[in-house]
Each structure stands twice: as C-alpha cells, then as structure tokens.
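Trainee: Here it is, the structure, as structure tokens.
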Amino acid sequence: MAVNRQQQFEALVRAHSGELYRYAYWLCGQDALAQDLVQETFLRAWRSLDALRDDIAAKAWLATILRREHARLYERKPMPTTDITDLELSDDSPGPEHRGEDAVLRAAIARLEPKYREPLVLQVLGGFSCAEVAAQLGISESAVMTQVFRARQKLRALLDGKEPEAELHGLP
Amino acid sequence: MDCLEFRRLLGSDPHVGAADARAHMATCSDCAALAADAQAFEARLSAALAVPVPEGLAERILAARPEATVEPFQPRRRLAWIALAAAASVLLAVGVARHRQSTSLRAMVAAHVTAPDEHAALAMVAPVPQAEVEQAFADRGVKLADVPPEVAYVAECGIGRWRSVHMVSAGADGPVSVVYIPRDRAEKATAFHRAGLVAREVPMGDGTLFMLAASDTRFDALEHAWRNALEGLPAVASGSN
Ligand SMILES: [Zn+2]
C-alpha cells in the first residue's frame, strides 16, 4: 500500500474531474462556478485523502464533498433554476449530430426543480443505483425512484410541449 | 410482474436488469416497445447531461494544489514547524510559507484568469453597477472606500483555497484582469510573467491585489485607484493642490 500520495491524488483528478465538473455544472448552472467547485472539492479531497479507503468509493466520496461544498458556498444565494436556462455552453457539444436536440433537452433539464434534477444527474451521469443515490442524498430509495421517474416524465412532457401533469394521469 | 409495476420500474431505471422485468418484457409487446423507447430517450439524456468539460481542467486542479510547489522533502517541512513552535521565529516561518505559497498563488491566479470560460469576461466593456462591486467585496468581508471606474466584470471566485474577487478592467488598450485576495498580504510588490501575460502582485489593505494583462501600461493607474478603494486614502484630484 505504499502508493505515493501525489500519484494517488493525480490519478483521482484524472479519473474523476470531468465527471465531477458535469455534476457541478448541473448543480449550479455556471461554467466558472462549476470549475471552482471542482477545484475546491479536490482541494478538500487532497487534505483528507487518507480517509479514502478504496478507489471504488472514490466517485461517491468526491460527489459528496462537492455537494457539501456547493451547499456551503452557495446556501446564502441559492442558484435559481432560471439562471441555468440562459446558460451558454461555449464549446462544441460532444454529439455534433444531435447538437440542436441536445440544446432543447439541456434547457429542459435546466428547468427541472433541483430535487428532480439532482438524483437524475447522479443516476444517469454518475451511474449510481437508486440505492446509492439515496445514500448520497440522505433520502429513501423509494423517494429516489419516484423523483427520477417524475424527472423523466417531466422532461418528456417539456420536450413534447405538454404539461407534465397530463402525462402523469396517462400512467395506467 | 404486471404492466404497471414494469412501467414504474422503467421510469426509474430504464436499463431493465431485473429478471422478472425481463420476463415481463418477453411476454408483453406493449411494454417491450415502451422499454425500447425509454432506452432511446435514456441515450439522448445521457448525451445531453455530458456537457463539454473545459480543456485543461485536470491540469489546473493539479497545479492549484498548494503542496504542488512544496518539495516533498519531509525534514525541511518539519523544520518549518519547529521554527513555528518557537515564538521568536514565527515571523520568519510565516515569511517562508508565504514565499512558497505566493509561487503557487501566482500560478493559480494566472490559470484562473486565462481559463477558457474567462474569455467572455475579458471581452466585456460595459461597466458593472458600483453596488455589484461593493457587494462582491462585502461578501469577502472587505468594505470599499470607493469603487474604481471601468470594472466591466466582477465575480466572487474561489482560486484554490483562496476566496477572491475577480474583476476585469476594460480599457482602450485592452482588458486588465484584476484579482483581489483578502487576508493574505504579499510582502512586497512583485512583477512577474505568467501564462503569456505581464503581471503584478501588490500588497494592499490586508490582502493582495493581482493585475494581469498583455501590457502593464495601466498597472500604475489601477494600483493607485485600488489603493484608494481598499486603503481608504482620499482620492487625489488631478490638477488640484
Ligand atoms: Zn406489460
């Protein structure tokens, strides 16, 4: 276990900074803030690197630090979800063939309330199971299942230009 | 599993993995069609969430680690702690720490103001309301005596462990990035070059003011204006005596 601390940290940054940035981005809706959040997260991670026992837990550990950091730094002025909607992503989107579609869907994701968006992002982007998302957010697994279900419903309704409620009643 | 249960499951996790869900799908063509549709949507969702990651992010994080510029040679660090323990040497130790820190702080400030997402800030020319500048400083616990003109961008940015106020001062000869770090005062004014920019670090108030630009032509004027703002000196009216 004589892994060099610096090497361990560097591996952690290279493996997880991109994904953490995306998570941060969907938390705060601003590129610069998201970068600062990731920076701050890794700074904290560096200080308590010894607390990290295995690499498998790293992703969840980092996501937790980031979410706390976001709450700590921005609780005084919570990011209104409308802020996220006039986001401009300067760079080219990864899937150029669907760029137009992505923009529509991104705007819809941005319009979701945080309580729907956050578990969805953790599930889809982070690849966490509903149970893992529940553990991270400190809510029940059934609450997570309901929220991600509702999140998808709302997104599809927004894309179809329908009210989310109409879809809900359509469920058999 | 019935259709209702299956569709609930599908909405909360479209990657149908459970054996009983798969069994239902094999016997119910309606649900199988819904599952195919849900999975197509999931692929689209996953692509939309994967916003582009800023280039060089990992490198900037690695460069910003405060310890990154400290030699990993333990005995010297321990010496610094021994020095710290001796009250008479406290100032010396702080000086040494400050020296090491300033190198990485300069790198971080330069990396921050040249980050790709700051390009938009550098292009801003319209002055921001003075109240916004005052608020940004107030949030960092600093009261301004005055607000210098030509602040075209202001943001409260975390730079490593430092909480800065990051501004862009617009001018005819190009933008100057101005970063103030409260409660961490440089020992002396220092000129340096970083990231292809001319830069100056100036102790001011209880903190440090950084200026970075393509040229240092406006540094003296900005330093004067910000000293007035941060140290509350009366503004010198030009031409009066
Ligand atoms: Zn069915």
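Each chain in the structure tokens gets a letter, A, B, ..., in the order shown, and its residues are numbered from 1; ligands are numbered from 1 in order too.
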Residues near B:Val113, anyone? I mean within 12 Å using only C-alpha atoms, not counting same-chain ones fewer than 3 positions away, as a PyMOL selection string.
Mentor: (chain A and resi 32) or (chain B and resi 60+106-110+116-122+153-155+157-159+164-168+175-179+194-197+199+210-213)
Trainee: Find the residues of chain A in contact range of chain B, meaning any atom within 7 Å when counting only C-alpha atoms, and list them as number ranges by chain.
Mentor: A: 10, 13-14, 17-18, 21-22, 31-32, 36, 39-40, 43, 91, 93-94, 102, 105-106, 124-125, 145-146, 148-149, 152, 172
Trainee: Just how far from atom CA of B:Ala229 is atom CA of B:Gly205, in Å to one decimal?
Mentor: 9.3 Å
Trainee: Which residues are near ligand 1 - at most 7 Å, using only C-alpha atoms and all ligand atoms? Format: as a PyMOL selection string.
Mentor: chain B and resi 2-3+6+24-25+28+30-31
Trainee: For the residues selected in the previous step, produce a file with N, CA, C and O atoms as a CSV table (one decimal), in the first residue's frame.
Mentor:
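The resulting selection-v8.csv:
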chain,number,residue,atom,x,y,z
B,2,ASP,N,-46.6,-7.1,-13.3
B,2,ASP,CA,-47.6,-6.7,-14.2
B,2,ASP,C,-47.2,-5.4,-15.0
B,2,ASP,O,-46.1,-4.9,-14.7
B,3,CYS,N,-48.0,-5.0,-15.9
B,3,CYS,CA,-47.6,-3.8,-16.7
B,3,CYS,C,-47.3,-2.6,-15.9
B,3,CYS,O,-46.4,-1.8,-16.1
B,6,PHE,N,-44.1,-2.9,-14.1
B,6,PHE,CA,-43.0,-2.8,-15.1
B,6,PHE,C,-42.7,-1.3,-15.5
B,6,PHE,O,-41.6,-0.9,-15.6
B,24,HIS,N,-41.2,-10.2,-18.0
B,24,HIS,CA,-42.5,-9.5,-18.4
B,24,HIS,C,-42.3,-8.9,-19.8
B,24,HIS,O,-43.2,-9.1,-20.6
B,25,MET,N,-41.2,-8.4,-20.1
B,25,MET,CA,-41.0,-7.8,-21.4
B,25,MET,C,-41.0,-8.8,-22.5
B,25,MET,O,-41.5,-8.5,-23.6
B,28,CYS,N,-44.8,-9.3,-23.1
B,28,CYS,CA,-45.7,-8.2,-23.3
B,28,CYS,C,-45.1,-7.2,-24.3
B,28,CYS,O,-44.1,-6.6,-24.0
B,30,ASP,N,-46.3,-4.6,-25.7
B,30,ASP,CA,-46.5,-3.1,-25.4
B,30,ASP,C,-45.4,-2.6,-24.5
B,30,ASP,O,-44.8,-1.6,-24.8
B,31,CYS,N,-45.1,-3.4,-23.5
B,31,CYS,CA,-44.1,-3.0,-22.5
B,31,CYS,C,-42.7,-3.1,-23.2
B,31,CYS,O,-41.8,-2.2,-22.9
Trainee: Measure the distance from atom CA of B:Val16 to atom CA of B:Gln39 in Å and round it to one decimal.
Mentor: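 Value for the atom CA of B:Val16-atom CA of B:Gln39 distance: 9.1 Å.
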Trainee: Of the candidates A:Cys130, A:Ala107, A:Leu120, A:Ala58, which shows the shortest atom-to-atom distance to A:Ala11, using only C-alpha atoms?
Mentor: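 Comparing A:Cys130, A:Ala107, A:Leu120, A:Ala58 against A:Ala11, the winner is A:Ala58.
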Trainee: Could you state the separation of atom CA of A:Gln30 and atom CA of A:Ala110 in Å, given to one decimal place?
Mentor: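 Here the two named atoms are 11.1 Å from each other.
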Trainee: To test your reading of the structure, identify every residue in stretch 5-224 of chain B that backbone DSSP assigns to strand (DSSP E), and report it as a PyMOL selection string.
Mentor: chain B and resi 151-159+162-169+176-181+190-194+197-204+207-213
Trainee: Please determine, counting only C-alpha atoms, which residue among B:Ala138, B:Leu209, B:Val147, B:Ala123 has the shortest atom-to-atom distance to B:Ala170.
Mentor: B:Ala123
Trainee: Which residues are close to B:Arg185, i.e. within 7 Å by only C-alpha atoms, leaving aside same-chain residues fewer than 3 positions away? Reply as a VMD selection string.
Mentor: chain B and resid 203 to 204 206 to 208
Trainee: List the neighbours of A:Leu27 out to 9 Å using only C-alpha atoms; skip same-chain residues closer than 5 positions along the sequence, and give me the result as a list in words.
Mentor: Arg22, Ala34, Arg67, His70, Met79, Pro114, Arg117 and Glu118 of chain A
Trainee: Please produce an output containing C-alpha atoms for each residue in the selection, written as an mmCIF file, in the first residue's frame.
Mentor:
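Written file, result-v4.cif:
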data_model
loop_
_atom_site.group_PDB
_atom_site.id
_atom_site.type_symbol
_atom_site.label_atom_id
_atom_site.label_comp_id
_atom_site.auth_asym_id
_atom_site.auth_seq_id
_atom_site.Cartn_x
_atom_site.Cartn_y
_atom_site.Cartn_z
ATOM 1 C CA ARG A 22 -20.509 17.883 -15.158
ATOM 2 C CA ALA A 34 -18.623 24.594 -11.609
ATOM 3 C CA ARG A 67 -22.395 18.644 -2.977
ATOM 4 C CA HIS A 70 -21.891 23.681 -3.144
ATOM 5 C CA MET A 79 -28.948 29.344 -7.667
ATOM 6 C CA PRO A 114 -33.248 20.628 -8.221
ATOM 7 C CA ARG A 117 -32.576 17.117 -11.425
ATOM 8 C CA GLU A 118 -30.041 16.093 -8.830
#
